[in-house]
file model14.pdb (PDB, C-alpha atoms)
MODEL        1
ATOM      1  CA  MET A1020       0.000   0.000   0.000
ATOM      2  CA  ARG A1021       1.391   3.398  -1.038
ATOM      3  CA  ASP A1022       1.977   5.933   1.715
ATOM      4  CA  PRO A1023      -0.148   9.040   0.906
ATOM      5  CA  ARG A1024       2.559  11.259   2.320
ATOM      6  CA  PHE A1025       4.826  10.409  -0.606
ATOM      7  CA  GLU A1026       2.377  10.811  -3.475
ATOM      8  CA  PHE A1027       3.291  13.128  -6.325
ATOM      9  CA  ALA A1028       1.677  16.551  -6.254
ATOM     10  CA  PRO A1029      -0.375  17.521  -9.324
ATOM     11  CA  LYS A1030       1.344  19.746 -11.820
ATOM     12  CA  ASP A1031       0.054  23.323 -12.025
ATOM     13  CA  GLY A1032       1.978  25.871 -14.085
ATOM     14  CA  ARG A1033       0.186  28.809 -12.466
ATOM     15  CA  ALA A1034       1.151  27.758  -8.922
ATOM     16  CA  THR A1035       4.658  29.159  -9.396
ATOM     17  CA  GLU A1036       3.170  32.608  -9.989
ATOM     18  CA  THR A1037       1.117  32.600  -6.787
ATOM     19  CA  ILE A1038       2.499  34.682  -3.910
ATOM     20  CA  ALA A1039       2.250  32.818  -0.632
ATOM     21  CA  ALA A1040       2.627  35.948   1.505
ATOM     22  CA  PRO A1041      -0.565  37.550   2.843
ATOM     23  CA  THR A1042      -1.959  40.521   0.932
ATOM     24  CA  TYR A1043      -0.818  43.912   2.200
ATOM     25  CA  SER A1044      -2.653  47.211   1.940
ATOM     26  CA  TYR A1045      -0.867  50.271   3.244
ATOM     27  CA  TRP A1046      -3.921  52.365   4.080
ATOM     28  CA  ARG A1047      -5.825  49.421   5.534
ATOM     29  CA  THR A1048      -2.877  48.713   7.835
ATOM     30  CA  VAL A1049      -2.712  52.381   8.803
ATOM     31  CA  ALA A1050      -6.409  52.359   9.695
ATOM     32  CA  GLU A1051      -6.089  49.113  11.678
ATOM     33  CA  GLN A1052      -3.145  50.338  13.723
ATOM     34  CA  PHE A1053      -4.759  53.722  14.322
ATOM     35  CA  PHE A1054      -8.117  52.398  15.538
ATOM     36  CA  ASN A1055      -6.521  49.595  17.555
ATOM     37  CA  LYS A1056      -4.483  51.979  19.708
ATOM     38  CA  LYS A1057      -5.509  51.995  23.338
ATOM     39  CA  GLY A1058      -8.063  54.688  24.116
ATOM     40  CA  MET A1059      -8.324  55.863  20.501
ATOM     41  CA  PRO A1060     -12.122  55.288  20.127
ATOM     42  CA  ALA A1061     -12.733  57.471  23.191
ATOM     43  CA  LEU A1062     -10.365  60.149  21.889
ATOM     44  CA  ILE A1063     -12.078  60.151  18.490
ATOM     45  CA  ALA A1064     -15.442  60.501  20.218
ATOM     46  CA  VAL A1065     -14.178  63.504  22.206
ATOM     47  CA  VAL A1066     -12.763  65.275  19.137
ATOM     48  CA  ALA A1067     -15.859  64.551  17.046
ATOM     49  CA  SER A1068     -18.197  65.736  19.819
ATOM     50  CA  VAL A1069     -16.252  68.969  20.369
ATOM     51  CA  ALA A1070     -16.088  69.729  16.644
ATOM     52  CA  LEU A1071     -19.785  68.974  16.131
ATOM     53  CA  ALA A1072     -20.860  71.055  19.114
ATOM     54  CA  ALA A1073     -18.561  73.936  18.102
ATOM     55  CA  PHE A1074     -20.200  74.237  14.680
ATOM     56  CA  LEU A1075     -23.817  73.451  15.601
ATOM     57  CA  GLN A1076     -24.309  75.017  19.029
ATOM     58  CA  PRO A1077     -23.686  78.662  17.951
ATOM     59  CA  LEU A1078     -26.240  78.180  15.172
ATOM     60  CA  MET A1079     -28.870  76.905  17.629
ATOM     61  CA  SER A1080     -28.172  79.509  20.310
ATOM     62  CA  GLY A1081     -28.048  82.437  17.892
ATOM     63  CA  TYR A1082     -25.135  83.952  19.801
ATOM     64  CA  ASP A1083     -23.649  87.037  18.167
ATOM     65  CA  PRO A1084     -20.591  88.647  19.814
ATOM     66  CA  ARG A1085     -21.586  91.997  18.306
ATOM     67  CA  VAL A1086     -24.853  92.040  20.283
ATOM     68  CA  VAL A1087     -24.906  92.815  24.014
ATOM     69  CA  PRO A1088     -28.186  91.322  25.231
ATOM     70  CA  HIS A1089     -28.469  92.271  28.910
ATOM     71  CA  ILE A1090     -26.178  95.220  29.468
ATOM     72  CA  ASN A1091     -29.096  97.180  30.931
ATOM     73  CA  ASP A1092     -30.230  94.277  33.129
ATOM     74  CA  PRO A1093     -27.817  93.928  36.080
ATOM     75  CA  SER A1094     -29.648  90.832  37.309
ATOM     76  CA  MET A1095     -28.298  88.816  34.347
ATOM     77  CA  ARG A1096     -24.658  89.671  34.965
ATOM     78  CA  PHE A1097     -22.232  87.241  36.629
ATOM     79  CA  LEU A1098     -24.769  84.530  37.282
ATOM     80  CA  GLY A1099     -23.354  81.296  38.669
ATOM     81  CA  ILE A1100     -23.324  77.853  37.093
ATOM     82  CA  SER A1101     -26.841  76.440  36.626
ATOM     83  CA  ARG A1102     -28.827  74.190  34.332
ATOM     84  CA  GLN A1103     -29.797  77.169  32.170
ATOM     85  CA  PHE A1104     -26.264  78.585  32.153
ATOM     86  CA  PRO A1105     -23.778  75.656  32.460
ATOM     87  CA  PHE A1106     -20.807  78.042  32.614
ATOM     88  CA  GLY A1107     -22.637  81.017  34.126
ATOM     89  CA  THR A1108     -22.920  84.455  32.532
ATOM     90  CA  ASP A1109     -20.317  87.148  31.954
ATOM     91  CA  ASP A1110     -20.121  90.893  32.614
ATOM     92  CA  VAL A1111     -22.726  91.760  29.957
ATOM     93  CA  GLY A1112     -25.114  88.866  30.580
ATOM     94  CA  ASN A1113     -23.988  86.540  27.798
ATOM     95  CA  SER A1114     -24.123  82.828  28.499
ATOM     96  CA  VAL A1115     -20.482  81.737  28.748
ATOM     97  CA  TRP A1116     -21.555  78.342  27.399
ATOM     98  CA  ASP A1117     -22.555  80.002  24.115
ATOM     99  CA  VAL A1118     -19.436  82.152  24.016
ATOM    100  CA  VAL A1119     -17.127  79.165  24.593
ATOM    101  CA  TRP A1120     -18.537  77.167  21.693
ATOM    102  CA  ALA A1121     -18.464  80.165  19.362
ATOM    103  CA  GLY A1122     -14.846  80.795  20.324
ATOM    104  CA  THR A1123     -13.963  77.121  19.867
ATOM    105  CA  ARG A1124     -15.427  77.203  16.358
ATOM    106  CA  THR A1125     -13.305  80.207  15.419
ATOM    107  CA  SER A1126     -10.130  78.687  16.855
ATOM    108  CA  LEU A1127     -10.723  75.356  15.080
ATOM    109  CA  VAL A1128     -11.377  77.038  11.732
ATOM    110  CA  ILE A1129      -8.212  79.116  12.013
ATOM    111  CA  GLY A1130      -6.150  76.133  13.152
ATOM    112  CA  PHE A1131      -7.206  73.854  10.306
ATOM    113  CA  LEU A1132      -7.144  76.598   7.678
ATOM    114  CA  VAL A1133      -3.644  77.788   8.586
ATOM    115  CA  THR A1134      -2.393  74.208   8.827
ATOM    116  CA  GLY A1135      -3.858  73.336   5.442
ATOM    117  CA  ILE A1136      -2.262  76.313   3.695
ATOM    118  CA  ASN A1137       1.119  75.914   5.393
ATOM    119  CA  SER A1138       1.197  72.150   4.814
ATOM    120  CA  LEU A1139       0.289  72.442   1.131
ATOM    121  CA  LEU A1140       2.886  75.137   0.457
ATOM    122  CA  GLY A1141       5.505  73.416   2.583
ATOM    123  CA  ILE A1142       5.090  70.035   0.880
ATOM    124  CA  LEU A1143       5.114  71.372  -2.689
ATOM    125  CA  VAL A1144       7.917  73.890  -2.208
ATOM    126  CA  GLY A1145       9.991  71.477  -0.131
ATOM    127  CA  ALA A1146       9.677  68.665  -2.683
ATOM    128  CA  PHE A1147      10.907  70.824  -5.581
ATOM    129  CA  TRP A1148      13.421  72.541  -3.309
ATOM    130  CA  GLY A1149      15.117  69.239  -2.578
ATOM    131  CA  PHE A1150      15.471  68.394  -6.292
ATOM    132  CA  SER A1151      16.608  71.741  -7.686
ATOM    133  CA  LYS A1152      20.142  72.856  -6.836
ATOM    134  CA  LYS A1153      19.513  76.365  -8.193
ATOM    135  CA  MET A1154      16.399  76.711  -6.081
ATOM    136  CA  ASP A1155      18.274  75.307  -3.101
ATOM    137  CA  ALA A1156      20.911  78.051  -3.261
ATOM    138  CA  VAL A1157      18.275  80.805  -3.194
ATOM    139  CA  MET A1158      15.877  79.230  -0.711
ATOM    140  CA  LEU A1159      18.589  78.449   1.803
ATOM    141  CA  GLU A1160      19.448  82.138   2.059
ATOM    142  CA  VAL A1161      15.780  83.076   2.415
ATOM    143  CA  TYR A1162      15.258  80.380   5.038
ATOM    144  CA  ASN A1163      18.284  81.468   7.065
ATOM    145  CA  VAL A1164      17.048  85.061   7.156
ATOM    146  CA  VAL A1165      13.458  84.131   8.053
ATOM    147  CA  ASN A1166      14.523  81.510  10.582
ATOM    148  CA  SER A1167      16.609  84.062  12.467
ATOM    149  CA  VAL A1168      13.478  86.124  13.230
ATOM    150  CA  PRO A1169      11.061  84.677  15.839
ATOM    151  CA  ASP A1170       7.663  83.819  14.370
ATOM    152  CA  ILE A1171       5.779  85.691  17.070
ATOM    153  CA  LEU A1172       7.731  88.884  16.319
ATOM    154  CA  LEU A1173       7.096  88.694  12.576
ATOM    155  CA  ILE A1174       3.394  87.923  13.028
ATOM    156  CA  THR A1175       3.043  90.748  15.559
ATOM    157  CA  VAL A1176       4.576  93.270  13.157
ATOM    158  CA  LEU A1177       2.307  92.104  10.329
ATOM    159  CA  MET A1178      -0.782  92.310  12.541
ATOM    160  CA  TYR A1179       0.042  95.874  13.537
ATOM    161  CA  LEU A1180       0.483  96.761   9.858
ATOM    162  CA  LEU A1181      -2.615  94.925   8.609
ATOM    163  CA  GLY A1182      -4.885  95.466  11.598
ATOM    164  CA  ALA A1183      -6.887  92.949  13.587
ATOM    165  CA  GLY A1184      -9.138  90.577  11.669
ATOM    166  CA  PHE A1185      -9.754  86.960  10.702
ATOM    167  CA  TRP A1186      -8.124  86.942   7.260
ATOM    168  CA  GLN A1187      -5.363  89.290   8.369
ATOM    169  CA  LEU A1188      -4.442  86.778  11.083
ATOM    170  CA  VAL A1189      -4.543  83.842   8.668
ATOM    171  CA  PHE A1190      -2.329  85.732   6.216
ATOM    172  CA  ALA A1191       0.171  86.717   8.915
ATOM    173  CA  MET A1192       0.427  83.121  10.175
ATOM    174  CA  CYS A1193       0.907  81.763   6.646
ATOM    175  CA  VAL A1194       3.458  84.255   5.273
ATOM    176  CA  THR A1195       6.416  82.305   6.610
ATOM    177  CA  GLY A1196       4.694  79.521   8.530
ATOM    178  CA  TRP A1197       5.240  77.046   5.706
ATOM    179  CA  MET A1198       9.016  77.480   5.527
ATOM    180  CA  SER A1199       9.993  75.207   8.417
ATOM    181  CA  GLY A1200       7.925  72.375   6.951
ATOM    182  CA  ALA A1201       9.362  73.018   3.487
ATOM    183  CA  TYR A1202      12.915  72.864   4.846
ATOM    184  CA  PHE A1203      12.179  69.569   6.592
ATOM    185  CA  ILE A1204      10.655  68.092   3.425
ATOM    186  CA  ARG A1205      13.649  69.356   1.433
ATOM    187  CA  THR A1206      15.995  67.442   3.745
ATOM    188  CA  GLN A1207      13.976  64.251   3.370
ATOM    189  CA  VAL A1208      13.841  64.611  -0.416
ATOM    190  CA  MET A1209      17.601  65.044  -0.645
ATOM    191  CA  MET A1210      18.008  61.730   1.185
ATOM    192  CA  ILE A1211      16.078  59.763  -1.449
ATOM    193  CA  ARG A1212      16.443  61.775  -4.659
ATOM    194  CA  ASP A1213      19.666  59.980  -5.718
ATOM    195  CA  ARG A1214      18.382  56.460  -5.281
ATOM    196  CA  GLU A1215      18.634  54.139  -8.267
ATOM    197  CA  TYR A1216      15.037  54.427  -9.441
ATOM    198  CA  ASN A1217      15.217  58.236  -9.379
ATOM    199  CA  LEU A1218      18.485  58.220 -11.332
ATOM    200  CA  VAL A1219      16.885  55.932 -13.917
ATOM    201  CA  SER A1220      13.822  58.193 -14.161
ATOM    202  CA  ARG A1221      16.035  61.233 -14.613
ATOM    203  CA  THR A1222      18.081  59.448 -17.302
ATOM    204  CA  LEU A1223      14.906  58.492 -19.168
ATOM    205  CA  GLY A1224      13.798  62.122 -19.200
ATOM    206  CA  THR A1225      10.950  61.915 -16.681
ATOM    207  CA  PRO A1226       9.594  65.414 -15.939
ATOM    208  CA  LEU A1227      10.460  66.838 -12.550
ATOM    209  CA  TYR A1228       6.842  67.100 -11.385
ATOM    210  CA  LYS A1229       6.278  63.389 -12.084
ATOM    211  CA  MET A1230       9.411  62.435 -10.173
ATOM    212  CA  VAL A1231       8.247  64.547  -7.230
ATOM    213  CA  THR A1232       4.644  63.327  -7.168
ATOM    214  CA  ARG A1233       5.270  59.659  -8.000
ATOM    215  CA  ASN A1234       8.793  58.813  -6.888
ATOM    216  CA  VAL A1235       9.253  60.967  -3.792
ATOM    217  CA  LEU A1236       6.095  62.130  -2.036
ATOM    218  CA  PRO A1237       4.549  58.642  -1.620
ATOM    219  CA  TYR A1238       7.599  57.687   0.478
ATOM    220  CA  LEU A1239       7.094  60.675   2.761
ATOM    221  CA  VAL A1240       3.519  60.009   3.888
ATOM    222  CA  SER A1241       4.506  59.337   7.493
ATOM    223  CA  VAL A1242       6.784  62.406   7.548
ATOM    224  CA  ILE A1243       4.066  64.643   6.138
ATOM    225  CA  THR A1244       1.534  63.256   8.609
ATOM    226  CA  THR A1245       3.901  64.002  11.474
ATOM    227  CA  ILE A1246       4.297  67.624  10.321
ATOM    228  CA  ILE A1247       0.542  68.155  10.002
ATOM    229  CA  ALA A1248      -0.103  66.507  13.374
ATOM    230  CA  GLY A1249       2.060  69.058  15.116
ATOM    231  CA  GLN A1250       0.922  72.112  13.180
ATOM    232  CA  ILE A1251      -2.800  71.948  14.004
ATOM    233  CA  PRO A1252      -2.533  72.387  17.807
ATOM    234  CA  ALA A1253       0.390  74.789  17.309
ATOM    235  CA  ALA A1254      -1.718  77.018  15.032
ATOM    236  CA  ILE A1255      -4.597  77.025  17.517
ATOM    237  CA  SER A1256      -2.226  77.900  20.358
ATOM    238  CA  MET A1257      -0.698  80.729  18.303
ATOM    239  CA  GLU A1258      -4.130  82.180  17.582
ATOM    240  CA  VAL A1259      -5.036  82.023  21.277
ATOM    241  CA  MET A1260      -1.804  83.717  22.309
ATOM    242  CA  LEU A1261      -2.164  86.511  19.738
ATOM    243  CA  SER A1262      -5.812  87.095  20.629
ATOM    244  CA  PHE A1263      -4.876  87.089  24.314
ATOM    245  CA  LEU A1264      -2.346  89.840  23.581
ATOM    246  CA  GLY A1265      -5.036  91.773  21.712
ATOM    247  CA  ILE A1266      -3.340  91.737  18.291
ATOM    248  CA  GLY A1267      -5.152  88.851  16.639
ATOM    249  CA  LEU A1268      -8.855  88.857  15.917
ATOM    250  CA  SER A1269     -11.114  91.869  16.078
ATOM    251  CA  VAL A1270     -13.335  92.568  19.078
ATOM    252  CA  GLU A1271     -16.402  91.478  17.084
ATOM    253  CA  THR A1272     -15.015  87.952  16.647
ATOM    254  CA  ALA A1273     -15.366  85.379  19.412
ATOM    255  CA  SER A1274     -12.342  83.166  20.050
ATOM    256  CA  LEU A1275     -10.839  81.273  22.959
ATOM    257  CA  GLY A1276      -7.932  83.696  23.094
ATOM    258  CA  ARG A1277     -10.154  86.759  23.383
ATOM    259  CA  MET A1278     -12.228  85.023  26.068
ATOM    260  CA  ILE A1279      -9.150  84.171  28.135
ATOM    261  CA  SER A1280      -7.891  87.730  27.762
ATOM    262  CA  LYS A1281     -11.218  89.265  28.770
ATOM    263  CA  TYR A1282     -12.177  86.894  31.577
ATOM    264  CA  SER A1283      -8.719  86.860  33.199
ATOM    265  CA  SER A1284      -9.583  90.209  34.797
ATOM    266  CA  TYR A1285     -12.471  88.523  36.656
ATOM    267  CA  PHE A1286     -10.393  85.595  37.909
ATOM    268  CA  SER A1287     -10.413  86.604  41.566
ATOM    269  CA  GLY A1288     -14.180  86.994  41.867
ATOM    270  CA  TYR A1289     -15.498  84.698  39.116
ATOM    271  CA  PRO A1290     -12.833  82.090  38.335
ATOM    272  CA  HIS A1291     -15.272  79.885  36.378
ATOM    273  CA  LEU A1292     -15.313  82.518  33.619
ATOM    274  CA  PHE A1293     -11.572  82.085  33.118
ATOM    275  CA  TRP A1294     -11.415  78.318  33.478
ATOM    276  CA  ALA A1295     -14.195  77.641  30.955
ATOM    277  CA  PRO A1296     -12.203  78.717  27.835
ATOM    278  CA  VAL A1297      -8.908  77.464  29.303
ATOM    279  CA  SER A1298     -10.372  73.997  29.849
ATOM    280  CA  MET A1299     -11.821  73.920  26.345
ATOM    281  CA  LEU A1300      -8.468  74.995  24.897
ATOM    282  CA  ALA A1301      -6.695  72.199  26.795
ATOM    283  CA  ILE A1302      -9.206  69.589  25.605
ATOM    284  CA  VAL A1303      -8.932  70.684  21.956
ATOM    285  CA  THR A1304      -5.148  71.004  21.714
ATOM    286  CA  VAL A1305      -4.268  67.879  23.719
ATOM    287  CA  SER A1306      -6.830  65.727  21.903
ATOM    288  CA  LEU A1307      -5.728  66.890  18.463
ATOM    289  CA  TYR A1308      -2.068  66.408  19.367
ATOM    290  CA  LEU A1309      -2.599  62.851  20.650
ATOM    291  CA  MET A1310      -4.711  61.933  17.642
ATOM    292  CA  GLY A1311      -2.161  63.417  15.257
ATOM    293  CA  GLN A1312       0.685  61.504  16.863
ATOM    294  CA  ALA A1313      -1.328  58.295  16.654
ATOM    295  CA  ILE A1314      -1.943  58.859  12.929
ATOM    296  CA  ALA A1315       1.751  59.631  12.397
ATOM    297  CA  ASP A1316       2.789  56.415  14.162
ATOM    298  CA  ALA A1317       0.257  54.355  12.254
ATOM    299  CA  SER A1318       1.384  55.780   8.897
ATOM    300  CA  ASP A1319       5.020  54.790   9.474
ATOM    301  CA  PRO A1320       5.587  51.718   7.239
ATOM    302  CA  LYS A1321       8.478  50.580   9.441
ATOM    303  CA  LYS A1322       5.972  49.773  12.176
ATOM    304  CA  HIS A1323       3.761  47.682   9.882
ATOM    305  CA  ARG A1324       4.009  43.942  10.274
TER
ENDMDL
END
call {"tool": "encode", "arguments": {"input": "model14.pdb", "output": "structure tokens"}}
result
Amino acid sequence: MRDPRFEFAPKDGRATETIAAPTYSYWRTVAEQFFNKKGMPALIAVVASVALAAFLQPLMSGYDPRVVPHINDPSMRFLGISRQFPFGTDDVGNSVWDVVWAGTRTSLVIGFLVTGINSLLGILVGAFWGFSKKMDAVMLEVYNVVNSVPDILLITVLMYLLGAGFWQLVFAMCVTGWMSGAYFIRTQVMMIRDREYNLVSRTLGTPLYKMVTRNVLPYLVSVITTIIAGQIPAAISMEVMLSFLGIGLSVETASLGRMISKYSSYFSGYPHLFWAPVSMLAIVTVSLYLMGQAIADASDPKKHR
């Protein structure tokens, strides 16, 4: 009787072309590692709830920072925390609950808008900067000059020249805000631009924009994600600091920075007015930072199994 363990296997010409390794999807692996991190579902729920409330609650409350509702009614001023006023009322009778969410919406919009502009400019300029030696000679001089001036000083000067306002603040934060990211991308591009496949593409006459978009940027996904993850909370913090100093947004615009600046004068008698925007700022910046770092870690292919 023939032992079945020693029977000949059937011949199949296509079997040699079959890959035995499990299928791999980069973005699916990124999503799996991101959502499987400890505490990430709760963090996502917090960020989603804050963002949703920040954009919907001011619409439902009808709060307008340009309108002073109870300035002639002293009984509505400085009310304590209650079911009707979860954060109390301020010096003009506004519900601090409404003011906090309106300010959070403004700070989030500025943070994401500034980050989007700076990231887009930084990635594109940095990618071409790393390939072009002529551009590198010019941009290095520009970067050295700009980098020697503190960002807060440059933004402050621009705000005094342009005046307070939403778009003036966005412009001031974006004038040179993209340069640090572009320099970092330039360094990464220079590390991989002379690899064999890029030398072959250059020899075959591949246009520069195709080499940048197809040969370089896909390898920098984790680096780009790391840059964006740090810029969002940094932009929000910058807006808060400038508004706190009184050189950011106009008085008619509600923001967390303007609230902290205004309510700090009532800290001794009504500390809940001050801690309401400070607590919201801490929740927003810390949550966005932790989520950004988790995305950056998950997008690193070296950590994929």
call {"tool": "residues_around", "arguments": {"input": "model14.pdb", "residues": "Ala1273 in chain A", "least_positions_apart": "5", "cutoff": "7 Å", "atoms": "only C-alpha atoms", "output": "VMD selection string"}}
result
chain A and resid 1084 1118 1121 to 1122 1125
call {"tool": "write_last_selection", "arguments": {"input": "model14.pdb", "atoms": "C-alpha atoms", "output": "tab-separated table (two decimals), in the coordinates of the input"}}
result
chain	number	residue	atom	x	y	z
A	1084	PRO	CA	-20.59	88.65	19.81
A	1118	VAL	CA	-19.44	82.15	24.02
A	1121	ALA	CA	-18.46	80.17	19.36
A	1122	GLY	CA	-14.85	80.80	20.32
A	1125	THR	CA	-13.30	80.21	15.42
call {"tool": "residues_around", "arguments": {"input": "model14.pdb", "residues": "Ser1138 in chain A", "least_positions_apart": "5", "cutoff": "8 Å", "atoms": "all atoms listed in the file", "output": "PyMOL selection string"}}
result
chain A and resi 1197+1200+1246-1247
call {"tool": "closest_residue", "arguments": {"input": "model14.pdb", "among": "A:Ile1204, A:Val1165, A:Val1242, A:Val1066", "to": "Ala1315 in chain A", "atoms": "all atoms listed in the file"}}
result
A:Val1242
call {"tool": "atom_distance", "arguments": {"input": "model14.pdb", "atom1": "CA of Pro1252 in chain A", "atom2": "CA of Ser1068 in chain A"}}
result
17.1 Å
call {"tool": "residues_around", "arguments": {"input": "model14.pdb", "residues": "range 1148-1157 of chain A", "least_positions_apart": "4", "cutoff": "8 Å", "atoms": "only C-alpha atoms", "output": "PDB file with C-alpha atoms, in the coordinates of the input"}}
result
ATOM      1  CA  VAL A1144       7.917  73.890  -2.208  1.00  0.00           C
ATOM      2  CA  VAL A1161      15.780  83.076   2.415  1.00  0.00           C
ATOM      3  CA  ALA A1201       9.362  73.018   3.487  1.00  0.00           C
ATOM      4  CA  ILE A1204      10.655  68.092   3.425  1.00  0.00           C
ATOM      5  CA  ARG A1205      13.649  69.356   1.433  1.00  0.00           C
ATOM      6  CA  THR A1206      15.995  67.442   3.745  1.00  0.00           C
ATOM      7  CA  GLN A1207      13.976  64.251   3.370  1.00  0.00           C
ATOM      8  CA  VAL A1208      13.841  64.611  -0.416  1.00  0.00           C
ATOM      9  CA  MET A1209      17.601  65.044  -0.645  1.00  0.00           C
ATOM     10  CA  ARG A1212      16.443  61.775  -4.659  1.00  0.00           C
TER      11      ARG A1212
END
